[in-house]
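A.B. asks: Next comes the structure file work23.txt, holding compact mmCIF, C-alpha atoms.
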```txt
# COMPACT_ATOMS: atom_id res chain seq x y z
CA MET U 588 -14.82 -198.84 12.30
CA GLN U 589 -17.02 -200.11 15.10
CA GLY U 590 -20.70 -199.33 15.53
CA ASP U 591 -24.11 -200.99 15.58
CA ASN U 592 -25.18 -203.71 13.16
CA THR U 593 -25.53 -201.30 10.26
CA SER U 594 -23.42 -200.91 7.18
CA THR U 595 -20.56 -198.44 7.42
CA ILE U 596 -18.49 -197.73 4.31
CA LEU U 597 -15.68 -195.46 3.27
CA SER U 598 -16.80 -193.21 0.44
CA GLY U 599 -13.90 -191.08 -0.76
CA THR U 600 -12.66 -189.55 2.48
CA GLU U 601 -15.97 -189.91 4.33
CA LEU U 602 -17.25 -192.67 6.59
CA ILE U 603 -20.93 -193.17 5.82
CA THR U 604 -23.28 -195.20 8.01
CA ASN U 605 -26.73 -196.25 6.90
CA GLY U 606 -29.37 -197.34 9.38
CA THR U 607 -30.74 -196.37 12.74
CA LYS U 608 -28.34 -196.05 15.66
CA THR U 609 -29.17 -196.91 19.24
CA PHE U 610 -28.10 -194.19 21.63
CA SER U 611 -26.92 -194.82 25.16
CA SER U 612 -27.14 -191.88 27.59
CA GLY U 613 -27.65 -189.54 24.63
CA LYS U 614 -24.42 -190.68 22.92
CA HIS U 615 -23.29 -192.97 20.16
CA THR U 616 -19.58 -193.66 19.82
CA TYR U 617 -17.55 -194.60 16.74
CA SER U 618 -13.93 -195.69 16.78
CA PHE U 619 -11.68 -195.33 13.75
CA SER U 620 -8.04 -194.96 12.79
CA TYR U 621 -6.64 -191.76 11.37
CA THR U 622 -3.43 -191.45 9.37
CA ALA U 623 -1.97 -187.95 9.48
CA PRO U 624 -0.50 -186.45 6.31
CA ALA U 625 3.26 -186.36 5.83
CA SER U 626 3.39 -182.55 6.05
CA THR U 627 2.75 -180.12 8.89
CA GLY U 628 -0.52 -178.20 9.12
CA SER U 629 -3.99 -179.08 10.34
CA GLN U 630 -6.96 -181.15 9.30
CA THR U 631 -10.51 -181.10 10.63
CA ILE U 632 -12.62 -184.14 11.40
CA TYR U 633 -16.35 -183.43 10.99
CA ALA U 634 -19.27 -185.45 12.34
CA THR U 635 -22.91 -184.97 11.29
CA GLY U 636 -26.03 -187.05 11.54
CA MET U 637 -29.70 -186.86 10.66
CA SER U 638 -32.16 -187.27 13.49
CA ASN U 639 -34.78 -189.99 13.30
CA ASN U 640 -37.58 -187.83 14.69
CA SER U 641 -40.36 -186.47 12.51
CA SER U 642 -38.51 -183.19 11.81
CA ASN U 643 -35.51 -184.98 10.22
CA GLN U 644 -33.10 -182.36 11.50
CA TRP U 645 -29.35 -182.59 11.02
CA ASN U 646 -27.33 -182.95 14.20
CA PHE U 647 -23.74 -181.80 14.24
CA ALA U 648 -21.04 -183.02 16.62
CA PRO U 649 -18.24 -180.62 17.52
CA ASN U 650 -15.55 -180.49 14.84
CA LYS U 651 -12.22 -181.91 15.91
CA THR U 652 -9.08 -180.23 14.60
CA VAL U 653 -5.94 -182.35 14.35
CA LYS U 654 -2.71 -180.37 14.27
CA ILE U 655 0.36 -181.94 12.72
CA VAL U 656 3.26 -180.08 14.32
CA SER U 657 6.21 -182.02 12.91
CA THR U 658 6.91 -184.78 10.48
CA ILE U 659 8.69 -188.05 11.19
CA SER U 660 11.90 -188.76 9.33
CA GLY U 661 14.64 -191.34 9.32
CA ILE U 662 12.38 -194.38 9.43
CA ASN U 663 13.15 -197.22 7.06
CA ASN U 664 9.80 -198.48 5.80
CA GLU U 665 11.24 -201.39 3.85
CA PRO U 666 10.09 -204.53 5.69
CA GLY U 667 12.35 -207.56 5.71
CA LEU U 668 15.64 -205.73 5.18
CA PRO U 669 17.81 -206.33 8.24
CA SER U 670 20.57 -203.93 9.18
CA ASP U 671 22.98 -206.68 10.33
CA PHE U 672 24.18 -210.14 9.35
CA LEU U 673 22.44 -212.39 11.89
CA LEU U 674 22.31 -216.13 12.53
CA PHE U 675 19.54 -217.27 14.88
CA GLN U 676 19.50 -220.42 16.99
CA ASN U 677 18.06 -223.38 15.11
CA TYR U 678 14.65 -224.71 16.10
CA PRO U 679 13.72 -227.09 17.42
CA ASN U 680 16.88 -227.68 19.39
CA PRO U 681 17.40 -230.48 20.37
CA PHE U 682 15.93 -232.02 17.22
CA ASN U 683 15.31 -235.38 15.50
CA PRO U 684 15.95 -235.49 12.56
CA ASN U 685 14.83 -232.09 11.10
CA THR U 686 15.71 -228.60 12.24
CA THR U 687 15.27 -225.13 10.77
CA ILE U 688 18.01 -222.52 10.64
CA VAL U 689 17.12 -218.85 10.12
CA PHE U 690 19.53 -216.08 9.19
CA SER U 691 19.35 -212.56 7.77
CA LEU U 692 21.55 -210.67 5.37
CA PRO U 693 21.70 -206.86 5.12
CA LYS U 694 22.78 -207.03 1.45
CA GLN U 695 23.20 -209.49 -1.39
CA THR U 696 26.33 -211.52 -0.83
CA GLN U 697 28.09 -214.86 -1.33
CA VAL U 698 27.01 -217.24 1.47
CA VAL U 699 28.11 -220.74 2.48
CA GLY U 700 26.13 -222.82 5.00
CA GLU U 701 27.82 -225.94 6.40
CA VAL U 702 27.13 -228.51 9.12
CA ILE U 703 30.27 -229.44 11.06
CA ASP U 704 30.86 -232.26 13.54
CA LEU U 705 32.81 -232.09 16.83
CA GLN U 706 36.05 -233.01 15.05
CA GLY U 707 35.68 -229.94 12.80
CA ARG U 708 34.84 -231.95 9.68
CA ILE U 709 32.28 -230.56 7.24
CA ILE U 710 29.64 -233.29 7.11
CA GLU U 711 27.14 -231.46 4.88
CA LYS U 712 27.19 -228.30 2.80
CA LEU U 713 23.60 -227.05 2.82
CA PHE U 714 24.20 -224.23 0.32
CA ASP U 715 26.93 -222.25 -1.40
CA GLY U 716 25.96 -219.28 -3.56
CA ILE U 717 24.83 -215.69 -3.79
CA LEU U 718 21.76 -214.80 -1.72
CA ILE U 719 19.75 -211.59 -1.74
CA ALA U 720 19.29 -209.31 1.27
CA GLY U 721 16.57 -210.35 3.71
CA GLN U 722 15.66 -213.23 5.98
CA HIS U 723 16.35 -216.80 4.86
CA ARG U 724 15.42 -220.27 6.18
CA VAL U 725 17.10 -223.56 5.54
CA GLN U 726 16.17 -227.00 6.83
CA TRP U 727 18.65 -229.68 7.76
CA ASN U 728 17.51 -233.28 7.72
CA ALA U 729 20.11 -235.14 9.77
CA GLY U 730 18.52 -238.48 8.90
CA LYS U 731 19.01 -238.54 5.13
CA LEU U 732 22.72 -238.46 4.27
CA ILE U 733 26.08 -239.52 5.66
CA ASN U 734 29.10 -238.32 3.69
CA GLY U 735 26.81 -237.53 0.77
CA PHE U 736 25.27 -241.02 0.58
CA PRO U 737 21.70 -242.04 1.51
CA SER U 738 21.47 -243.69 4.90
CA THR U 739 18.68 -245.46 6.73
CA ASN U 740 19.84 -244.13 10.10
CA GLY U 741 21.41 -240.77 9.19
CA HIS U 742 23.81 -238.98 11.48
CA VAL U 743 24.41 -240.15 15.03
CA SER U 744 23.09 -238.33 18.09
CA GLY U 745 25.36 -235.59 19.30
CA ILE U 746 26.49 -232.01 18.99
CA TYR U 747 26.84 -230.41 15.56
CA PHE U 748 27.64 -226.89 14.49
CA PHE U 749 26.18 -224.82 11.70
CA ARG U 750 28.67 -222.38 10.17
CA LEU U 751 27.38 -219.52 8.06
CA SER U 752 30.10 -217.70 6.12
CA THR U 753 29.93 -214.56 4.01
CA THR U 754 32.75 -212.62 2.39
CA GLU U 755 32.79 -210.35 5.47
CA SER U 756 31.87 -212.52 8.45
CA ILE U 757 31.43 -216.00 9.92
CA LYS U 758 28.74 -217.01 12.44
CA ILE U 759 28.36 -220.38 14.19
CA ILE U 760 25.59 -221.98 16.25
CA LYS U 761 25.59 -225.24 18.22
CA MET U 762 22.86 -227.82 17.46
CA LEU U 763 21.93 -230.99 19.36
CA LEU U 764 20.66 -234.05 17.49
CA LEU U 765 18.90 -236.54 19.81
CA LYS U 766 17.60 -239.84 18.47
```
Please lay out the structure from this file as C-alpha cells.

C.D. replies:
Amino acid sequence: MQGDNTSTILSGTELITNGTKTFSSGKHTYSFSYTAPASTGSQTIYATGMSNNSSNQWNFAPNKTVKIVSTISGINNEPGLPSDFLLFQNYPNPFNPNTTIVFSLPKQTQVVGEVIDLQGRIIEKLFDGILIAGQHRVQWNAGKLINGFPSTNGHVSGIYFFRLSTTESIKIIKMLLLK
C-alpha cells in the first residue's frame, strides 16, 4: 500500500487510512495488490472517504467490479521440488582451493558424489547415501586431503571431474583447480 505519510492498516478485508490526504489535481491515488479467489464469479472493490471540510461529507469513488472468468489449474505450488535430476556447473570455476557444487533431485534417492582425476581415479568421495528431493549443495576443499590423508598442499592444479550418480542416472561436470 502506498500513500501519504499516514498510517494505513488492513482491518479484516478493509484497508483503513487515518490522517489527512493531500490531493493533486483533485485526485489521490492508492496502489495495492489484489489476490483473486480460486473460484469463478465476481468481487467488488469499494472506495469511500470522509471529506475534511466543515460538512464532513462522505465521498464515494466508483465501485470497481473484478470478474474472475476462469480458474488456474495444473500449477505446482511446492517450491524447491525440481522436476528433473540436475547437476549444475561448480562455482567458482576455476577455483582455489574451495568450490561449491549444486544439484537437484526430483525424489528421494541413493546418491554418490565423487571427485575424479584425469586418469579416472576416484580421489575423494564427498558423500554416499540417501538424499531427499530438492536442491542440495556440497563444498569441495581441494587443499585438505590427498588419498584420504591431511596434506599441507592438497591436490595439484589441473582438471578434475565431479560425478554424481543415482540409481537411475549419472551426471558429470569438469572442474579446474588453479593454484

A.B. asks: Excluding Val699 (chain U) and any residue of its chain fewer than 3 positions from it, enumerate the residues within 12 Å of it, using only C-alpha atoms, and give them as a list in words.

C.D. replies: Phe690, Thr696, Val702, Ile709, Glu711, Lys712, Leu713, Phe714, Asp715, Gly716, Ile717, Leu718, Val725, Phe749, Arg750, Leu751, Ser752, Thr753, Thr754, Glu755, Ser756, Ile757, Lys758 and Ile759 of chain U

A.B. asks: Nearest residue to Ser691 (chain U) out of U:Asn677, U:Ser744, U:Asn728, U:Gln722, using all atoms listed in the file?

C.D. replies: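 So, comparing all the options, the nearest one is U:Gln722.
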
A.B. asks: For CA of Ile760 (chain U) and CA of Ile688 (chain U), determine how far apart the two atoms are, in Å to one decimal place.

C.D. replies: 9.4 Å

A.B. asks: Could you check how far CA of Leu692 (chain U) sits from CA of Gln726 (chain U), in Å to one decimal?

C.D. replies: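 Pair CA of Leu692 (chain U) / CA of Gln726 (chain U) returns 17.3 Å.
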
A.B. asks: Quote the spacing between CA of Arg724 (chain U) and CA of Gly707 (chain U) in Å to one decimal place.

C.D. replies: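 Pair CA of Arg724 (chain U) / CA of Gly707 (chain U) returns 23.4 Å.
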
A.B. asks: Step by step, gather every atom of region 715-722 of chain U that the file lists, find the box along x, y and z that holds them, add 4 Å on each side, and finally give centre and edge lengths in Å to one decimal, as AutoDock Vina command-line options.

C.D. replies:
```
--center_x 21.3 --center_y -215.8 --center_z 1.1 --size_x 19.3 --size_y 20.9 --size_z 17.8
```

A.B. asks: Tell me which of U:Lys731, U:Ile703, U:Gln676, U:Met762 sits closest to Gly745 (chain U), counting all atoms listed in the file.

C.D. replies: U:Met762

A.B. asks: Quick one: of U:Pro681, U:Gly741, U:Gly730, U:Gly721, who's nearest to Leu763 (chain U), counting all atoms listed in the file?

C.D. replies: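 Nearest to Leu763 (chain U): U:Pro681.
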
A.B. asks: Between U:Leu764, U:Thr687, U:Asp704, U:Pro693, which is the closest to Leu673 (chain U) once you count all atoms listed in the file?

C.D. replies: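 Going through U:Leu764, U:Thr687, U:Asp704, U:Pro693 one by one, the smallest distance to Leu673 (chain U) is for U:Pro693.
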